[in-house]
Amino acid sequence: MTTPTKTLCPYCGVGCGLEVQPPALPGKATYRDDAGTPTWRVRGDRQHPSSRGRVCVKGATVAESLDKSRLKYPMMRDTLDEPFRQVSWDEALDRIANRIRSIRSAYGRHSICMYGSGQFQTEDYYIAQKLMKGCLGTNNFDANSRLCMSSAVAGYLQSFGSDGPPCCYDDLEQTDCAFLIGTNAAECHPIVFNRLREYHKKNRKVKLVVVDPRETSTAKAADLHLAIRPGTDIDLLHGIGHLLLRWQALDSLFIEDCTRGFPEYTQILESYPPELVARRCDIRLDELELAARYWAENERVLSMWSMGLNQSSEGTAKVRSLINLHLMTGSIGKPGAGPFSLTGQPNAMGGREAGGLAHLLPGYRTVKNPQHRAEVERHWQLPPGQIDAIPGLTAWDMILGLEAGQVQLLWVAATNPAVSMPDIERTKAALRRSPFTVYQDAYYPTETADYAHVLLPAAQWGEKTGTMTNSERVVTLCSKFRDAPGEARPDWEIFAEVGRRLGFETQFQFSDSAAVHREFVALTKSRTCDMSGITYDLLQKQTVQWPHPEGADEAEAGCYDKRLYEDLRFPTEDGRARFCAVHSRGLAEAPDPDYPFVLTTGRVYEHWHTQTRTGRIPKITKKHPHPFIEIHPRDAKKLEVLDGMWVMIRSRRGEGKFKAQVTKAIAPGTLFVPMHWGFLWADNSQANALTHPEACPDSRQPELKACAVQLSPLDGE
Ligand code: SF4
């Protein structure tokens, strides 16, 4: 029997361990997908501490996309109207290096941008930072994680002095009360939610609260579902804070010793009396009081969130308002308690560690901090002052930069912005204006490939070895188990090759990904995310949760219940966490008589993001043949919409056709569409044709969760 290769599921941030074996095993029938094509066998890794052998449908079927529609060779064209022609790697890389040189001398270093992905392994992320922020001297590297969890990053950083989710999955089974807000974990992080649900079922004293405008599968499992009006999260959180203060349900010692800013926060809370909050949130007063009582009566409250808080024009304030409740009750730094953000992408955490956003540097450093820049410059053997002090362009700002002619070269890797960005027609128009776009991906066609001048084939999951970190800070070695098709290469090798062609020979001498990893973890030494004791040798034996400093006992590596801030000291200047005292601003685009509905977007259990993989797996596409819209029966009746009827949705930016699902799961006045469909999979049915780019001023994360729309039935369809 062939020994299975251990790896990590490449979809969501839960980070389930997988074991993979070839289709043909001695004494066994060849394993095949629905179409009869031999495919790799995937099962859950029982030894993986985060998932304990479990997988959801996405993880179980991931291998079925490995050989579908792969980009195998570099391709080029001079203009977007021409067909691509196959070229050699040398020709493609020389063209990119030459364009970088000429654009840099004509327009300056800040006219070059790279847009990466939480699908990268940490080694890919790290080398991309070294190329862009180090060698090219521009911080114009951002990742699709900007659309996913940058508000959590900013929230943690501002409240605690450092990024990093302080909790671990063991907390799911040690909490008194799980408070889920803005997360449909049952569908989007199913294996984490299953652990919580089982614990909740067995321990009836444990409370499960879900805050979500929709009655999702997550909400159906809750003791208390608060179906708040979209955009009223801060009102709700401040309303709970108001009651805790009124009841004096506070941890005064913790507030006194470990925090700053409580008096300013209590002043803000005065404006959120429960009657007013219940009215604004459109919930009953007793529901609000019950939620507050759960916070007041339970010593260990574990809050969890994802896009519902993050994808907002006040995302950072929402995250920090939630953290406020932990600070006022001292519900942090102990088992079963703390604010726990669930990351969307498999390695968004690794991206944060490697500095993969426009304001970050590796090791949870920031570009604005002169000491941080100097430390990284020394490590990269670059002259002082090489790293720019100004944060680079974020995801949406790159689109604005293309519109303004400021961005002359855009390099997109492992992501599909022609579907995932807000205001998609504007995004596509900006991509069309790009003088030179490199698109590096494993699949072809994709929507974004339409806008590229150079296509670079990337090796993907299973075709390269590297590390990924999941939401609970567990690092897994994802080992290669098959060769990449054609001439596809690992992302980090491609970045390093361009770096060498630009003259940075010293900086890009790596024999393999293990060498990249060694250099990266050395840069995390003594930082919050200290991984300096993690090696490939250790990871070949087991996964490791950080922090794991150099010299740490190897037995320590086998413990997965590490929490940040157990000593109640925070990495701020004075060691204290900060309360956030801000008022709610509500939605950036509220409904009005012309656009009377709030449209909210999200995911379905089976699909992943823009379907680059899941759209190629028949088992999954059969479940969801077309995009749909959820509408409440009362609204449906008023507009004469029947279940199954096609309807047209219009916003100020665009329109889309969706099939109506009439359901009480959505509140009157609110509509829901999934965000997975691009023009490759459905004609004129993109959620992001409707959304707007208004972003949180702190995190620059756009408000993909809500926009104002109108709805009309389509006659005869
Ligand atoms: Fe993969 Fe997430 Fe499903 Fe786990 S829960 S198998 S990581 S998609």
# chains A, B, ... in the order shown; residues from 1 in each chain; ligands from 1
$ residues_around --residues "range 188-194 of chain A" --least-positions-apart "6" --cutoff "9 Å" --atoms "only C-alpha atoms" --output "MDAnalysis selection string"
chainID A and resid 12:14 16 50:51 54:56 169 172 218 342:344 603:606 608
$ closest_atom_pairs --of "range 135-245 of chain A" --to "range 544-550 of chain A" --cutoff "12 Å" --atoms "only C-alpha atoms" --output "Markdown table"
| residue | atom | partner | partner_atom | distance |
| --- | --- | --- | --- | --- |
| A:Gly164 | CA | A:Trp546 | CA | 10.3 |
| A:Pro165 | CA | A:Trp546 | CA | 11.1 |
| A:Pro166 | CA | A:Trp546 | CA | 10.8 |
| A:Cys167 | CA | A:Gln545 | CA | 11.3 |
| A:Cys168 | CA | A:Gln545 | CA | 9.3 |
| A:Tyr169 | CA | A:Gln545 | CA | 11.2 |
$ write_last_selection --atoms "all heavy atoms" --output "mmCIF file, in the first residue's frame"
data_model
loop_
_atom_site.group_PDB
_atom_site.id
_atom_site.type_symbol
_atom_site.label_atom_id
_atom_site.label_comp_id
_atom_site.auth_asym_id
_atom_site.auth_seq_id
_atom_site.Cartn_x
_atom_site.Cartn_y
_atom_site.Cartn_z
ATOM 1 N N GLY A 164 -3.290 38.806 14.990
ATOM 2 C CA GLY A 164 -3.206 37.409 15.437
ATOM 3 C C GLY A 164 -4.421 36.998 16.234
ATOM 4 O O GLY A 164 -4.675 37.580 17.293
ATOM 5 N N PRO A 165 -5.178 35.993 15.731
ATOM 6 C CA PRO A 165 -6.314 35.499 16.517
ATOM 7 C C PRO A 165 -5.813 34.846 17.797
ATOM 8 O O PRO A 165 -4.987 33.936 17.742
ATOM 9 C CB PRO A 165 -6.973 34.458 15.599
ATOM 10 C CG PRO A 165 -6.244 34.500 14.308
ATOM 11 C CD PRO A 165 -4.989 35.263 14.481
ATOM 12 N N PRO A 166 -6.270 35.290 18.970
ATOM 13 C CA PRO A 166 -5.688 34.785 20.216
ATOM 14 C C PRO A 166 -6.164 33.389 20.615
ATOM 15 O O PRO A 166 -5.596 32.794 21.514
ATOM 16 C CB PRO A 166 -6.148 35.809 21.260
ATOM 17 C CG PRO A 166 -7.261 36.570 20.660
ATOM 18 C CD PRO A 166 -7.213 36.398 19.188
ATOM 19 N N CYS A 167 -7.186 32.870 19.942
ATOM 20 C CA CYS A 167 -7.829 31.626 20.416
ATOM 21 C C CYS A 167 -7.332 30.410 19.644
ATOM 22 O O CYS A 167 -6.514 30.518 18.735
ATOM 23 C CB CYS A 167 -9.342 31.754 20.251
ATOM 24 S SG CYS A 167 -9.983 33.289 20.905
ATOM 25 N N CYS A 168 -7.838 29.236 20.036
ATOM 26 C CA CYS A 168 -7.543 27.999 19.318
ATOM 27 C C CYS A 168 -8.821 27.158 19.271
ATOM 28 O O CYS A 168 -9.785 27.440 19.997
ATOM 29 C CB CYS A 168 -6.410 27.243 19.996
ATOM 30 S SG CYS A 168 -6.757 26.835 21.707
ATOM 31 N N TYR A 169 -8.833 26.127 18.412
ATOM 32 C CA TYR A 169 -10.072 25.355 18.241
ATOM 33 C C TYR A 169 -10.465 24.594 19.508
ATOM 34 O O TYR A 169 -11.634 24.268 19.688
ATOM 35 C CB TYR A 169 -9.956 24.372 17.073
ATOM 36 C CG TYR A 169 -9.825 25.005 15.697
ATOM 37 C CD1 TYR A 169 -9.377 24.258 14.612
ATOM 38 C CD2 TYR A 169 -10.154 26.342 15.472
ATOM 39 C CE1 TYR A 169 -9.252 24.819 13.346
ATOM 40 C CE2 TYR A 169 -10.022 26.911 14.212
ATOM 41 C CZ TYR A 169 -9.566 26.147 13.147
ATOM 42 O OH TYR A 169 -9.437 26.701 11.899
#
$ residues_around --residues "Arg320 in chain A" --least-positions-apart "5" --cutoff "10 Å" --atoms "only C-alpha atoms" --output "VMD selection string"
chain A and resid 151 to 152 154 to 160 234 237 315 325 to 326 339 578 to 582
$ residues_around --residues "Leu393 in chain A" --least-positions-apart "6" --cutoff "9 Å" --atoms "only C-alpha atoms" --output "MDAnalysis selection string"
chainID A and resid 110 113 139:142 358:359 401
$ select_by_dssp --residues "range 523-680 of chain A" --states "alpha helix (DSSP H)" --output "list of chain:residue names"
A:Tyr536, A:Asp537, A:Leu538, A:Leu539, A:Gln540, A:Lys541, A:Glu554, A:Ala555, A:Glu556, A:Ala557, A:Pro618, A:Lys619, A:Ile620, A:Thr621, A:Lys622, A:Lys623, A:Pro633, A:Arg634, A:Asp635, A:Ala636, A:Lys637, A:Lys638
$ residues_around --residues "range 37-43 of chain A" --least-positions-apart "3" --cutoff "12 Å" --atoms "only C-alpha atoms" --output "short mmCIF file (atom, residue, chain, number, x, y, z; two decimals) with N, CA, C and O atoms, in the first residue's frame"
data_model
loop_
_atom_site.label_atom_id
_atom_site.label_comp_id
_atom_site.auth_asym_id
_atom_site.auth_seq_id
_atom_site.Cartn_x
_atom_site.Cartn_y
_atom_site.Cartn_z
N THR A 2 0.63 2.18 -0.91
CA THR A 2 1.42 3.41 -0.95
C THR A 2 1.09 4.27 0.26
O THR A 2 -0.08 4.46 0.59
N THR A 3 2.13 4.78 0.93
CA THR A 3 1.88 5.65 2.10
C THR A 3 1.23 6.94 1.62
O THR A 3 1.73 7.57 0.68
N PRO A 4 0.12 7.35 2.25
CA PRO A 4 -0.51 8.60 1.80
C PRO A 4 0.36 9.82 2.07
O PRO A 4 1.13 9.83 3.04
N THR A 5 0.23 10.83 1.21
CA THR A 5 0.93 12.09 1.43
C THR A 5 0.05 12.97 2.30
O THR A 5 -1.15 13.12 2.03
N LYS A 6 0.65 13.55 3.33
CA LYS A 6 -0.13 14.45 4.19
C LYS A 6 -0.08 15.87 3.65
O LYS A 6 0.98 16.34 3.23
N THR A 7 -1.22 16.51 3.69
CA THR A 7 -1.27 17.90 3.22
C THR A 7 -2.46 18.60 3.88
O THR A 7 -3.04 18.07 4.83
N LEU A 8 -2.78 19.78 3.36
CA LEU A 8 -3.85 20.58 3.95
C LEU A 8 -4.89 20.86 2.86
O LEU A 8 -4.53 21.02 1.69
N CYS A 9 -6.14 20.93 3.22
CA CYS A 9 -7.17 21.29 2.24
C CYS A 9 -6.89 22.71 1.73
O CYS A 9 -6.66 23.62 2.53
N CYS A 16 -8.24 21.92 7.23
CA CYS A 16 -8.36 20.50 7.56
C CYS A 16 -7.20 19.72 6.96
O CYS A 16 -6.82 19.93 5.80
N GLY A 17 -6.68 18.79 7.75
CA GLY A 17 -5.60 17.93 7.26
C GLY A 17 -6.17 16.88 6.32
O GLY A 17 -7.23 16.31 6.57
N LEU A 18 -5.44 16.64 5.23
CA LEU A 18 -5.86 15.63 4.25
C LEU A 18 -4.75 14.62 4.04
O LEU A 18 -3.57 14.92 4.23
N GLU A 19 -5.15 13.42 3.62
CA GLU A 19 -4.20 12.41 3.16
C GLU A 19 -4.57 12.07 1.72
O GLU A 19 -5.75 11.86 1.42
N VAL A 20 -3.56 12.00 0.86
CA VAL A 20 -3.82 11.82 -0.56
C VAL A 20 -3.05 10.61 -1.07
O VAL A 20 -1.88 10.41 -0.73
N GLN A 21 -3.73 9.82 -1.89
CA GLN A 21 -3.08 8.66 -2.51
C GLN A 21 -3.39 8.64 -4.01
O GLN A 21 -4.42 9.16 -4.44
N PRO A 22 -2.53 7.99 -4.80
CA PRO A 22 -2.75 7.96 -6.24
C PRO A 22 -4.01 7.19 -6.62
O PRO A 22 -4.49 6.37 -5.83
N PRO A 23 -4.52 7.45 -7.84
CA PRO A 23 -5.76 6.77 -8.27
C PRO A 23 -5.60 5.25 -8.28
O PRO A 23 -6.53 4.53 -7.91
N ALA A 24 -4.44 4.76 -8.73
CA ALA A 24 -4.26 3.31 -8.86
C ALA A 24 -3.41 2.81 -7.70
O ALA A 24 -2.27 3.23 -7.53
N LEU A 25 -3.99 1.94 -6.89
CA LEU A 25 -3.25 1.33 -5.77
C LEU A 25 -3.26 -0.18 -5.96
O LEU A 25 -4.26 -0.75 -6.43
N LYS A 28 -6.40 -2.64 -5.65
CA LYS A 28 -7.65 -1.85 -5.55
C LYS A 28 -8.05 -1.36 -6.94
O LYS A 28 -7.18 -1.11 -7.79
N ALA A 29 -9.35 -1.21 -7.15
CA ALA A 29 -9.81 -0.67 -8.43
C ALA A 29 -9.38 0.79 -8.54
O ALA A 29 -9.32 1.50 -7.53
N THR A 30 -9.06 1.20 -9.76
CA THR A 30 -8.65 2.60 -9.97
C THR A 30 -9.78 3.54 -9.52
O THR A 30 -10.95 3.32 -9.84
N TYR A 31 -9.40 4.55 -8.77
CA TYR A 31 -10.37 5.51 -8.23
C TYR A 31 -10.71 6.53 -9.32
O TYR A 31 -9.81 7.07 -9.96
N ARG A 32 -12.00 6.78 -9.55
CA ARG A 32 -12.40 7.68 -10.65
C ARG A 32 -13.43 8.71 -10.18
O ARG A 32 -14.16 8.45 -9.23
N ASP A 33 -13.47 9.85 -10.88
CA ASP A 33 -14.50 10.84 -10.56
C ASP A 33 -15.80 10.49 -11.29
O ASP A 33 -15.87 9.45 -11.99
N ASP A 34 -16.83 11.33 -11.20
CA ASP A 34 -18.14 11.05 -11.81
C ASP A 34 -18.06 10.80 -13.31
O ASP A 34 -18.85 10.06 -13.87
N ARG A 46 -6.62 11.80 10.21
CA ARG A 46 -7.11 11.68 11.60
C ARG A 46 -6.13 12.26 12.61
O ARG A 46 -6.50 12.56 13.74
N GLN A 47 -4.87 12.38 12.21
CA GLN A 47 -3.89 12.91 13.16
C GLN A 47 -3.81 14.44 13.14
O GLN A 47 -3.11 15.03 13.96
N HIS A 48 -4.50 15.05 12.19
CA HIS A 48 -4.41 16.52 12.13
C HIS A 48 -5.22 17.11 13.29
O HIS A 48 -6.42 16.80 13.43
N SER A 51 -8.76 19.15 12.49
CA SER A 51 -9.94 18.55 11.87
C SER A 51 -10.18 17.11 12.30
O SER A 51 -11.28 16.59 12.08
N ARG A 52 -9.18 16.44 12.86
CA ARG A 52 -9.31 15.08 13.41
C ARG A 52 -9.98 14.12 12.42
O ARG A 52 -10.89 13.37 12.75
N GLY A 53 -9.57 14.22 11.17
CA GLY A 53 -10.04 13.26 10.17
C GLY A 53 -11.27 13.69 9.40
O GLY A 53 -11.71 13.01 8.48
N ARG A 54 -11.85 14.82 9.75
CA ARG A 54 -13.08 15.23 9.06
C ARG A 54 -12.78 16.10 7.85
O ARG A 54 -11.81 16.86 7.86
N VAL A 55 -13.65 16.02 6.87
CA VAL A 55 -13.57 16.93 5.72
C VAL A 55 -14.99 17.25 5.26
O VAL A 55 -15.90 16.46 5.49
N CYS A 56 -15.16 18.38 4.60
CA CYS A 56 -16.46 18.68 4.00
C CYS A 56 -16.39 18.32 2.52
O CYS A 56 -15.36 17.85 2.02
N VAL A 57 -17.48 18.58 1.80
CA VAL A 57 -17.56 18.16 0.40
C VAL A 57 -16.46 18.81 -0.45
O VAL A 57 -15.93 18.20 -1.39
N LYS A 58 -16.07 20.02 -0.11
CA LYS A 58 -15.06 20.70 -0.92
C LYS A 58 -13.72 19.97 -0.79
O LYS A 58 -13.06 19.67 -1.78
N GLY A 59 -13.32 19.70 0.46
CA GLY A 59 -12.06 19.00 0.68
C GLY A 59 -12.08 17.61 0.07
O GLY A 59 -11.10 17.17 -0.55
N ALA A 60 -13.22 16.92 0.19
CA ALA A 60 -13.29 15.54 -0.28
C ALA A 60 -13.18 15.45 -1.80
O ALA A 60 -12.71 14.44 -2.33
N THR A 61 -13.60 16.51 -2.51
CA THR A 61 -13.62 16.43 -3.98
C THR A 61 -12.50 17.24 -4.64
O THR A 61 -12.44 17.31 -5.87
N VAL A 62 -11.63 17.84 -3.85
CA VAL A 62 -10.68 18.81 -4.42
C VAL A 62 -9.81 18.21 -5.52
O VAL A 62 -9.51 18.88 -6.52
N ALA A 63 -9.45 16.95 -5.40
CA ALA A 63 -8.54 16.37 -6.40
C ALA A 63 -9.19 16.25 -7.77
O ALA A 63 -8.51 16.14 -8.79
N GLU A 64 -10.53 16.31 -7.80
CA GLU A 64 -11.23 16.14 -9.08
C GLU A 64 -11.03 17.32 -10.03
O GLU A 64 -11.40 17.25 -11.19
N SER A 65 -10.48 18.40 -9.51
CA SER A 65 -10.25 19.55 -10.39
C SER A 65 -8.79 19.61 -10.87
O SER A 65 -8.43 20.47 -11.67
N LEU A 66 -7.95 18.70 -10.39
CA LEU A 66 -6.52 18.84 -10.65
C LEU A 66 -6.15 18.83 -12.14
O LEU A 66 -5.21 19.50 -12.55
N ASP A 67 -6.87 18.04 -12.91
CA ASP A 67 -6.48 17.92 -14.32
C ASP A 67 -7.47 18.60 -15.26
O ASP A 67 -7.43 18.37 -16.46
N LYS A 68 -8.33 19.43 -14.72
CA LYS A 68 -9.32 20.10 -15.58
C LYS A 68 -8.84 21.50 -15.96
O LYS A 68 -8.45 22.27 -15.09
N GLY A 462 -0.63 20.31 -4.17
CA GLY A 462 -0.18 18.95 -4.49
C GLY A 462 0.96 18.90 -5.47
O GLY A 462 1.55 17.83 -5.68
N PHE A 481 2.70 15.85 -4.13
CA PHE A 481 2.44 14.42 -4.37
C PHE A 481 2.31 14.09 -5.85
O PHE A 481 2.13 12.95 -6.23
N ARG A 482 2.39 15.10 -6.72
CA ARG A 482 2.35 14.83 -8.17
C ARG A 482 3.07 15.96 -8.89
O ARG A 482 3.29 17.05 -8.33
N ILE A 617 -16.04 20.76 -11.03
CA ILE A 617 -16.32 19.48 -10.37
C ILE A 617 -17.83 19.19 -10.50
O ILE A 617 -18.64 19.84 -9.83
N PRO A 618 -18.21 18.24 -11.38
CA PRO A 618 -19.64 18.04 -11.66
C PRO A 618 -20.49 17.78 -10.41
O PRO A 618 -21.61 18.27 -10.32
#
$ residues_around --residues "Asn688 in chain A" --least-positions-apart "2" --cutoff "9 Å" --atoms "only C-alpha atoms" --output "ChimeraX atom specification"
/A:419-425,601,654,675,678,685-686,690-692,704
$ residues_around --residues "Gly15 in chain A" --least-positions-apart "4" --cutoff "9 Å" --atoms "only C-alpha atoms" --output "list in words"
Leu8, Cys9, Pro10, Tyr11, Ser50, Ser51, Gln345, Pro346, Asn347, Met468, Thr469, Asn470, Ser471, Glu472, Val474 and Thr476 of chain A
$ decode --residues "range 560-651 of chain A" --atoms "C-alpha atoms" --output "short mmCIF file (atom, residue, chain, number, x, y, z; two decimals), in the first residue's frame"
data_model
loop_
_atom_site.label_atom_id
_atom_site.label_comp_id
_atom_site.auth_asym_id
_atom_site.auth_seq_id
_atom_site.Cartn_x
_atom_site.Cartn_y
_atom_site.Cartn_z
CA TYR A 560 -2.44 22.78 20.22
CA ASP A 561 -3.99 24.77 23.05
CA LYS A 562 -1.74 27.79 22.88
CA ARG A 563 -3.50 31.08 23.36
CA LEU A 564 -2.16 34.58 22.96
CA TYR A 565 -2.36 36.98 25.93
CA GLU A 566 -2.68 34.34 28.67
CA ASP A 567 -0.39 36.54 30.76
CA LEU A 568 -2.85 39.43 30.18
CA ARG A 569 -0.06 41.52 28.66
CA PHE A 570 -0.65 42.94 25.19
CA PRO A 571 2.01 43.98 22.66
CA THR A 572 1.23 47.69 22.94
CA GLU A 573 3.73 50.24 24.30
CA ASP A 574 2.35 49.94 27.83
CA GLY A 575 1.19 46.32 27.64
CA ARG A 576 -2.50 47.27 27.81
CA ALA A 577 -5.28 46.57 25.32
CA ARG A 578 -7.28 49.51 23.95
CA PHE A 579 -11.03 50.08 24.05
CA CYS A 580 -12.49 51.59 20.90
CA ALA A 581 -14.95 54.42 21.34
CA VAL A 582 -16.75 55.06 18.05
CA HIS A 583 -20.35 55.47 17.01
CA SER A 584 -22.07 53.37 14.40
CA ARG A 585 -22.22 54.96 10.94
CA GLY A 586 -24.46 52.32 9.36
CA LEU A 587 -24.40 51.25 5.73
CA ALA A 588 -22.43 53.23 3.17
CA GLU A 589 -25.36 52.86 0.78
CA ALA A 590 -28.67 52.71 2.61
CA PRO A 591 -31.88 51.70 0.79
CA ASP A 592 -34.07 54.53 -0.53
CA PRO A 593 -37.29 54.82 -2.57
CA ASP A 594 -35.42 54.16 -5.85
CA TYR A 595 -33.41 51.22 -4.55
CA PRO A 596 -35.56 49.95 -1.69
CA PHE A 597 -33.87 46.62 -0.87
CA VAL A 598 -30.60 45.84 0.93
CA LEU A 599 -28.76 43.17 -1.01
CA THR A 600 -26.41 41.03 1.00
CA THR A 601 -23.95 38.54 -0.50
CA GLY A 602 -22.36 35.33 0.74
CA ARG A 603 -21.40 31.78 -0.08
CA VAL A 604 -23.03 28.37 -0.40
CA TYR A 605 -21.67 25.25 1.29
CA GLU A 606 -20.41 23.51 -1.85
CA HIS A 607 -18.82 26.30 -3.87
CA TRP A 608 -15.60 28.13 -3.30
CA HIS A 609 -15.10 31.78 -4.25
CA THR A 610 -15.19 32.32 -8.03
CA GLN A 611 -15.50 28.58 -8.88
CA THR A 612 -12.07 28.35 -10.50
CA ARG A 613 -11.88 24.87 -8.94
CA THR A 614 -15.41 23.97 -7.81
CA GLY A 615 -16.96 25.05 -11.13
CA ARG A 616 -15.01 22.19 -12.72
CA ILE A 617 -16.32 19.48 -10.37
CA PRO A 618 -19.64 18.04 -11.66
CA LYS A 619 -20.73 16.75 -8.21
CA ILE A 620 -20.70 20.37 -7.03
CA THR A 621 -22.06 22.14 -10.11
CA LYS A 622 -25.05 19.77 -10.20
CA LYS A 623 -26.06 21.01 -6.75
CA HIS A 624 -26.08 24.65 -7.84
CA PRO A 625 -26.69 24.89 -11.58
CA HIS A 626 -27.40 28.63 -11.52
CA PRO A 627 -27.19 31.66 -9.27
CA PHE A 628 -30.24 32.43 -7.15
CA ILE A 629 -31.67 35.18 -5.01
CA GLU A 630 -33.47 34.77 -1.71
CA ILE A 631 -36.54 36.95 -1.19
CA HIS A 632 -39.07 37.03 1.66
CA PRO A 633 -42.64 35.87 0.80
CA ARG A 634 -44.08 39.28 1.72
CA ASP A 635 -41.79 41.10 -0.74
CA ALA A 636 -42.34 38.39 -3.34
CA LYS A 637 -46.10 38.80 -3.10
CA LYS A 638 -45.89 42.58 -3.40
CA LEU A 639 -43.74 42.31 -6.54
CA GLU A 640 -45.59 39.31 -7.97
CA VAL A 641 -42.51 37.13 -7.88
CA LEU A 642 -43.05 33.38 -7.72
CA ASP A 643 -40.60 30.80 -6.47
CA GLY A 644 -38.35 29.71 -9.37
CA MET A 645 -39.06 32.82 -11.47
CA TRP A 646 -36.15 34.76 -13.00
CA VAL A 647 -35.84 38.30 -11.67
CA MET A 648 -33.69 41.28 -12.58
CA ILE A 649 -31.78 43.05 -9.82
CA ARG A 650 -30.44 46.54 -10.42
CA SER A 651 -28.17 48.75 -8.37
#
